[in-house]
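Here's the structure we're looking at; comments come further down.
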Amino acid sequence: MNKKNIEAIIFDLDGVIISTDEYHYLAWKKIAIAYKLNFNRSINEKLRGVSRRESLEIILKENQIQLSEAEIKHMLNEKNNFYIKMLEQYLSEADLLPGVKEVLSKLKQLKYKIAIGSSSKNAKYILKKTNLFDLFDVISDGNNIKYSKPNPEVFNIAAKLLNVKNKYCVVIEDAQSGIEAAKNAGMIAFGIGDAQNNDKTDIKLNNLLEILDYI
Ligand code: B16
Ligand code: MG
């Protein structure tokens with residue numbers, strides 16, 4: 001990795017910028033209780049960075065259950081309603097992960113382009129509610145993709161909108177699927193949390209502020 005070649009930083013949202021993962025967990029838990037499905041923290045780990053629909057498919061597979069398309073759509077809707085209600089009620093700047101504001105303002109000062117590359121369809125709402133929306137040059141999220149991570153689409157779109165070649169982009173990720181997606185896009189992958197344990201992670205971060213040591 002040549003520091004001088006880095007032009008843009010693409011941040012995953014959930015688990016990197018903000019701790020919405022607990023709200024996702026609680027919303028899935030409510031669904032699981034309502035439909036008498038087995039769901040626990042270890043199954044929840046498999047949903048990190050995965051789209052809403054694929055998350056439900058993983059839960060159903062764990063329970064060896066097959067549902068009709070109509071039932072799936074209904075459950076997805078319910079889960080999102082639970083999730084949004086929690087965000088409306090509880091989400092605040094207090095959910096930002098340590099160092100977020102300092103890192104973003106330093107990167108701006110250093111003239112890097114900054115983007116979000118998230119699987120979430122609620123990314124814009126979350127960024128607005130936590131006063132971060134205006135800090136990003138580009139937001140690529142679950143609304144403009146057909147294929148979710150590990151497919152590189154969400155990061156490819158971010159780089160295209162930023163007008164930066166993929167090889168000059170760094171991706172910051174907390175999910176295994178996100179690291180795979182970054183490498184599939186030909187980008188440099190920085191892993192935080194669970195993503196530190198992926199063989200393809202180029203740089204392992206103990207916290208967000210450590211980004212500044214590498215760029
Ligand atoms: P939504 P990220 C992901 O966000 C979450 O990690 C994952 O748990 C969730 O299922 C997915 O967004 C979709 O979220 O239901 O809001 O569209 O890590 O890619 O920022
Ligand atoms: Mg994530």
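Here's how to read the names in the structure tokens: chain A, B, ... by the order shown, residue numbers from 1 in each chain, ligand numbers from 1 in the order shown.
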List every residue of region 40-106 of chain A that has an atom at most 8 Å from any atom of region 147-159 of chain A, and for each one report the closest atom pair and its distance in Å to one decimal, counting only C-alpha atoms, with rows sorted by chain and then by increasing residue number, as a tab-separated table.
residue	atom	partner	partner_atom	distance
A:Gly49	CA	A:Lys149	CA	7.0
A:Val50	CA	A:Lys149	CA	6.5
A:Ser51	CA	A:Ser148	CA	6.2
Considering only C-alpha atoms and all ligand atoms, tabulate each residue of chain A that lies at most 7 Å from ligand 2 along with its nearest interatomic pair and the corresponding distance in Å to one decimal; arrange the rows by chain and ascending residue number and present them as a tab-separated table.
residue	atom	partner	partner_atom_place_in_ligand_line	distance
A:Asp12	CA	ligand 2	1 (Mg)	5.4
A:Leu13	CA	ligand 2	1 (Mg)	5.6
A:Asp14	CA	ligand 2	1 (Mg)	4.1
A:Gly15	CA	ligand 2	1 (Mg)	4.5
A:Val16	CA	ligand 2	1 (Mg)	6.0
A:Arg48	CA	ligand 2	1 (Mg)	5.9
A:Gly49	CA	ligand 2	1 (Mg)	4.5
A:Glu173	CA	ligand 2	1 (Mg)	6.0
A:Asp174	CA	ligand 2	1 (Mg)	5.0
A:Ala175	CA	ligand 2	1 (Mg)	5.4
(request) Find the residues near Ile65 (chain A): any atom within 12 Å, counting only C-alpha atoms, skip ones fewer than 6 places away on the same chain, and give them as a PyMOL selection string. (result) chain A and resi 35-38+56-59+71-72
(request) Please identify all polymer residues within 12 Å of Ser105 (chain A), counting only C-alpha atoms, omitting same-chain residues fewer than 3 positions from it, and present them as a list of chain:residue names. (result) A:Gly99, A:Val100, A:Lys101, A:Glu102, A:Lys108, A:Gln109, A:Leu110, A:Lys111, A:Tyr112, A:Lys113, A:Ile114, A:Leu132, A:Asp134, A:Leu135, A:Phe136, A:Leu209, A:Leu212
Selection within 10 Å of ligand 1 by only C-alpha atoms and all ligand atoms, output as an mmCIF file with N, CA and C atoms, in the first residue's frame:
data_model
loop_
_atom_site.group_PDB
_atom_site.id
_atom_site.type_symbol
_atom_site.label_atom_id
_atom_site.label_comp_id
_atom_site.auth_asym_id
_atom_site.auth_seq_id
_atom_site.Cartn_x
_atom_site.Cartn_y
_atom_site.Cartn_z
ATOM 1 N N PHE A 11 -16.403 4.438 3.951
ATOM 2 C CA PHE A 11 -16.754 3.868 5.254
ATOM 3 C C PHE A 11 -18.013 3.016 5.151
ATOM 4 N N ASP A 12 -17.948 1.817 5.708
ATOM 5 C CA ASP A 12 -19.160 1.074 5.990
ATOM 6 C C ASP A 12 -19.883 1.861 7.100
ATOM 7 N N LEU A 13 -21.165 1.609 7.282
ATOM 8 C CA LEU A 13 -21.895 2.403 8.295
ATOM 9 C C LEU A 13 -22.037 1.640 9.620
ATOM 10 N N ASP A 14 -22.915 0.621 9.595
ATOM 11 C CA ASP A 14 -23.224 -0.126 10.817
ATOM 12 C C ASP A 14 -21.981 -0.882 11.308
ATOM 13 N N GLY A 15 -21.529 -0.589 12.503
ATOM 14 C CA GLY A 15 -20.363 -1.276 13.066
ATOM 15 C C GLY A 15 -19.049 -0.562 12.819
ATOM 16 N N VAL A 16 -19.071 0.488 11.983
ATOM 17 C CA VAL A 16 -17.844 1.251 11.721
ATOM 18 C C VAL A 16 -18.014 2.700 12.173
ATOM 19 N N ILE A 17 -19.097 3.309 11.688
ATOM 20 C CA ILE A 17 -19.389 4.712 12.033
ATOM 21 C C ILE A 17 -20.284 4.757 13.266
ATOM 22 N N ILE A 18 -21.219 3.814 13.282
ATOM 23 C CA ILE A 18 -22.257 3.885 14.307
ATOM 24 C C ILE A 18 -22.678 2.496 14.759
ATOM 25 N N SER A 19 -23.061 2.428 16.007
ATOM 26 C CA SER A 19 -23.408 1.130 16.559
ATOM 27 C C SER A 19 -24.915 0.874 16.441
ATOM 28 N N THR A 20 -25.371 0.669 15.206
ATOM 29 C CA THR A 20 -26.782 0.330 14.986
ATOM 30 C C THR A 20 -26.986 -1.179 15.077
ATOM 31 N N ASP A 21 -25.864 -1.924 15.183
ATOM 32 C CA ASP A 21 -25.957 -3.393 15.191
ATOM 33 C C ASP A 21 -26.847 -3.934 16.311
ATOM 34 N N GLU A 22 -26.828 -3.264 17.466
ATOM 35 C CA GLU A 22 -27.653 -3.730 18.584
ATOM 36 C C GLU A 22 -29.145 -3.535 18.265
ATOM 37 N N TYR A 23 -29.491 -2.467 17.561
ATOM 38 C CA TYR A 23 -30.890 -2.238 17.187
ATOM 39 C C TYR A 23 -31.341 -3.297 16.167
ATOM 40 N N HIS A 24 -30.426 -3.639 15.231
ATOM 41 C CA HIS A 24 -30.756 -4.718 14.273
ATOM 42 C C HIS A 24 -31.031 -6.009 15.056
ATOM 43 N N TYR A 25 -30.141 -6.302 16.003
ATOM 44 C CA TYR A 25 -30.288 -7.535 16.800
ATOM 45 C C TYR A 25 -31.646 -7.560 17.513
ATOM 46 N N ALA A 27 -34.381 -5.970 16.848
ATOM 47 C CA ALA A 27 -35.516 -6.067 15.919
ATOM 48 C C ALA A 27 -35.670 -7.507 15.415
ATOM 49 N N TRP A 28 -34.560 -8.157 15.071
ATOM 50 C CA TRP A 28 -34.635 -9.575 14.640
ATOM 51 C C TRP A 28 -35.118 -10.456 15.790
ATOM 52 N N ASN A 44 -26.794 -13.986 14.987
ATOM 53 C CA ASN A 44 -26.783 -12.552 14.669
ATOM 54 C C ASN A 44 -25.450 -12.115 14.054
ATOM 55 N N GLU A 45 -24.336 -12.712 14.500
ATOM 56 C CA GLU A 45 -23.020 -12.354 13.967
ATOM 57 C C GLU A 45 -22.958 -12.587 12.454
ATOM 58 N N LYS A 46 -23.716 -13.609 11.995
ATOM 59 C CA LYS A 46 -23.698 -13.948 10.560
ATOM 60 C C LYS A 46 -24.436 -12.900 9.723
ATOM 61 N N LEU A 47 -25.161 -11.996 10.378
ATOM 62 C CA LEU A 47 -25.964 -11.007 9.655
ATOM 63 C C LEU A 47 -25.222 -9.685 9.450
ATOM 64 N N ARG A 48 -24.031 -9.602 10.021
ATOM 65 C CA ARG A 48 -23.234 -8.374 9.937
ATOM 66 C C ARG A 48 -22.940 -8.025 8.470
ATOM 67 N N GLY A 49 -23.345 -6.841 8.039
ATOM 68 C CA GLY A 49 -23.037 -6.388 6.675
ATOM 69 C C GLY A 49 -23.900 -7.019 5.591
ATOM 70 N N VAL A 50 -24.775 -7.943 5.988
ATOM 71 C CA VAL A 50 -25.608 -8.673 5.021
ATOM 72 C C VAL A 50 -26.941 -7.933 4.857
ATOM 73 N N SER A 51 -27.510 -7.939 3.658
ATOM 74 C CA SER A 51 -28.759 -7.204 3.413
ATOM 75 C C SER A 51 -29.895 -7.757 4.269
ATOM 76 N N ARG A 52 -30.958 -6.957 4.373
ATOM 77 C CA ARG A 52 -32.105 -7.351 5.209
ATOM 78 C C ARG A 52 -32.672 -8.691 4.747
ATOM 79 N N ARG A 53 -32.870 -8.824 3.447
ATOM 80 C CA ARG A 53 -33.480 -10.042 2.910
ATOM 81 C C ARG A 53 -32.581 -11.265 3.141
ATOM 82 N N GLU A 54 -31.299 -11.082 2.849
ATOM 83 C CA GLU A 54 -30.373 -12.212 3.057
ATOM 84 C C GLU A 54 -30.251 -12.555 4.535
ATOM 85 N N SER A 55 -30.393 -11.549 5.397
ATOM 86 C CA SER A 55 -30.357 -11.820 6.841
ATOM 87 C C SER A 55 -31.502 -12.761 7.210
ATOM 88 N N LEU A 56 -32.697 -12.459 6.696
ATOM 89 C CA LEU A 56 -33.852 -13.319 7.009
ATOM 90 C C LEU A 56 -33.636 -14.722 6.429
ATOM 91 N N LEU A 76 -40.099 -9.075 6.561
ATOM 92 C CA LEU A 76 -39.076 -8.046 6.316
ATOM 93 C C LEU A 76 -39.625 -6.661 6.670
ATOM 94 N N ASN A 77 -40.884 -6.479 6.311
ATOM 95 C CA ASN A 77 -41.534 -5.218 6.615
ATOM 96 C C ASN A 77 -41.648 -4.994 8.118
ATOM 97 N N LYS A 79 -39.853 -6.402 10.475
ATOM 98 C CA LYS A 79 -38.519 -6.206 11.083
ATOM 99 C C LYS A 79 -38.082 -4.755 10.892
ATOM 100 N N ASN A 80 -38.275 -4.247 9.682
ATOM 101 C CA ASN A 80 -37.838 -2.871 9.438
ATOM 102 C C ASN A 80 -38.658 -1.880 10.276
ATOM 103 N N ASN A 81 -39.929 -2.154 10.439
ATOM 104 C CA ASN A 81 -40.747 -1.256 11.274
ATOM 105 C C ASN A 81 -40.257 -1.236 12.720
ATOM 106 N N TYR A 83 -37.237 -1.887 13.674
ATOM 107 C CA TYR A 83 -35.915 -1.254 13.642
ATOM 108 C C TYR A 83 -36.057 0.269 13.582
ATOM 109 N N ILE A 84 -36.908 0.743 12.665
ATOM 110 C CA ILE A 84 -37.102 2.192 12.499
ATOM 111 C C ILE A 84 -37.666 2.813 13.786
ATOM 112 N N ILE A 116 -19.816 6.841 2.025
ATOM 113 C CA ILE A 116 -20.410 5.721 2.759
ATOM 114 C C ILE A 116 -20.644 4.605 1.749
ATOM 115 N N GLY A 117 -20.324 3.375 2.154
ATOM 116 C CA GLY A 117 -20.630 2.188 1.347
ATOM 117 C C GLY A 117 -21.314 1.177 2.255
ATOM 118 N N SER A 118 -22.642 1.279 2.344
ATOM 119 C CA SER A 118 -23.395 0.474 3.324
ATOM 120 C C SER A 118 -24.491 -0.340 2.655
ATOM 121 N N SER A 119 -24.756 -1.523 3.203
ATOM 122 C CA SER A 119 -25.852 -2.353 2.687
ATOM 123 C C SER A 119 -27.209 -1.853 3.147
ATOM 124 N N SER A 120 -27.218 -0.920 4.076
ATOM 125 C CA SER A 120 -28.491 -0.510 4.690
ATOM 126 C C SER A 120 -29.315 0.416 3.800
ATOM 127 N N LYS A 121 -30.620 0.160 3.782
ATOM 128 C CA LYS A 121 -31.540 1.055 3.072
ATOM 129 C C LYS A 121 -31.916 2.234 3.962
ATOM 130 N N ASN A 122 -31.497 2.192 5.205
ATOM 131 C CA ASN A 122 -31.808 3.267 6.153
ATOM 132 C C ASN A 122 -30.604 4.189 6.393
ATOM 133 N N ALA A 123 -29.563 4.038 5.568
ATOM 134 C CA ALA A 123 -28.309 4.768 5.821
ATOM 135 C C ALA A 123 -28.516 6.280 5.881
ATOM 136 N N LYS A 124 -29.253 6.830 4.918
ATOM 137 C CA LYS A 124 -29.405 8.296 4.881
ATOM 138 C C LYS A 124 -30.143 8.806 6.117
ATOM 139 N N TYR A 125 -31.179 8.096 6.498
ATOM 140 C CA TYR A 125 -31.933 8.485 7.693
ATOM 141 C C TYR A 125 -31.003 8.490 8.920
ATOM 142 N N ILE A 126 -30.204 7.432 9.057
ATOM 143 C CA ILE A 126 -29.289 7.303 10.207
ATOM 144 C C ILE A 126 -28.266 8.445 10.216
ATOM 145 N N ASP A 141 -25.620 3.139 -0.891
ATOM 146 C CA ASP A 141 -26.261 2.316 0.143
ATOM 147 C C ASP A 141 -27.153 1.233 -0.452
ATOM 148 N N GLY A 142 -27.890 0.589 0.412
ATOM 149 C CA GLY A 142 -28.723 -0.545 0.002
ATOM 150 C C GLY A 142 -29.797 -0.195 -1.015
ATOM 151 N N ASN A 143 -30.044 1.093 -1.210
ATOM 152 C CA ASN A 143 -31.089 1.475 -2.167
ATOM 153 C C ASN A 143 -30.602 1.483 -3.607
ATOM 154 N N SER A 148 -25.685 -7.674 -2.797
ATOM 155 C CA SER A 148 -25.074 -7.168 -1.567
ATOM 156 C C SER A 148 -23.701 -7.786 -1.328
ATOM 157 N N LYS A 149 -22.961 -7.192 -0.386
ATOM 158 C CA LYS A 149 -21.618 -7.674 -0.032
ATOM 159 C C LYS A 149 -21.690 -9.178 0.212
ATOM 160 N N VAL A 154 -21.627 -2.128 -4.151
ATOM 161 C CA VAL A 154 -21.838 -0.911 -3.345
ATOM 162 C C VAL A 154 -20.566 -0.039 -3.305
ATOM 163 N N GLU A 173 -14.162 -1.492 7.085
ATOM 164 C CA GLU A 173 -15.248 -2.482 7.279
ATOM 165 C C GLU A 173 -15.167 -3.207 8.611
ATOM 166 N N ASP A 174 -16.338 -3.618 9.115
ATOM 167 C CA ASP A 174 -16.369 -4.441 10.332
ATOM 168 C C ASP A 174 -16.839 -5.860 10.025
ATOM 169 N N ALA A 175 -17.287 -6.103 8.785
ATOM 170 C CA ALA A 175 -17.884 -7.410 8.461
ATOM 171 C C ALA A 175 -16.996 -8.219 7.519
ATOM 172 N N SER A 177 -18.061 -10.121 5.169
ATOM 173 C CA SER A 177 -18.603 -9.940 3.810
ATOM 174 C C SER A 177 -18.139 -8.602 3.221
ATOM 175 N N GLY A 178 -17.926 -7.614 4.080
ATOM 176 C CA GLY A 178 -17.492 -6.297 3.623
ATOM 177 C C GLY A 178 -16.038 -6.304 3.169
#
Tell me, counting only C-alpha atoms, for each residue of region 74-171 of chain A within 6 Å of region 183-189 of chain A, which pair of atoms is nearest and how far apart they are in Å to one decimal, in rows ordered by chain and increasing number, as a Markdown table.
| residue | atom | partner | partner_atom | distance |
| --- | --- | --- | --- | --- |
| A:Pro152 | CA | A:Ala185 | CA | 5.0 |
| A:Asn166 | CA | A:Met187 | CA | 5.5 |
| A:Lys167 | CA | A:Met187 | CA | 5.0 |
| A:Cys169 | CA | A:Met187 | CA | 5.5 |
| A:Val170 | CA | A:Ile188 | CA | 4.7 |
| A:Val171 | CA | A:Ala189 | CA | 5.0 |
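Among the candidate residues A:Ala34, A:Asn5, A:Lys204, A:Asn131, the one lying nearest to Ala94 (chain A) is A:Asn131, with distances computed using only C-alpha atoms.
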(request) Work out how far apart CA of Ile6 (chain A) and CA of Leu96 (chain A) are and give it in Å to one decimal. (result) 25.0 Å
(message) Here is a test: counting only C-alpha atoms, which residue of A:Leu104, A:Met75, A:Leu60, A:Leu97 is nearest to Ala8 (chain A)?
(response)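 Answer, going by the shortest atom-to-atom distance: A:Leu104.
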(message) As an exercise, work out the distance from CA of Ile203 (chain A) to CA of Val164 (chain A) in Å and give it to one decimal place.
(response)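 Going from CA of Ile203 (chain A) over to CA of Val164 (chain A) covers 20.6 Å.
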(message) One number please: CA of Glu62 (chain A) to CA of Asn198 (chain A), in Å, one decimal.
(response)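 The value is 23.1 Å.
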(request) Just list the residues in region 7-36 of chain A DSSP gives strand (DSSP E or B) on the backbone, as a list in words. (result)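 For region 7-36 of chain A, the strand (DSSP E or B) set is Ala8, Ile9, Ile10, Phe11, Asp14 and Ile18 of chain A.
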(request) Once DSSP has gone over the backbone, tell me which residues of region 42-180 of chain A are in alpha helix (DSSP H), as an NGL selection string. (result) :A and (42-45 or 52-62 or 69-90 or 100-109 or 123-129 or 153-162 or 176-180)
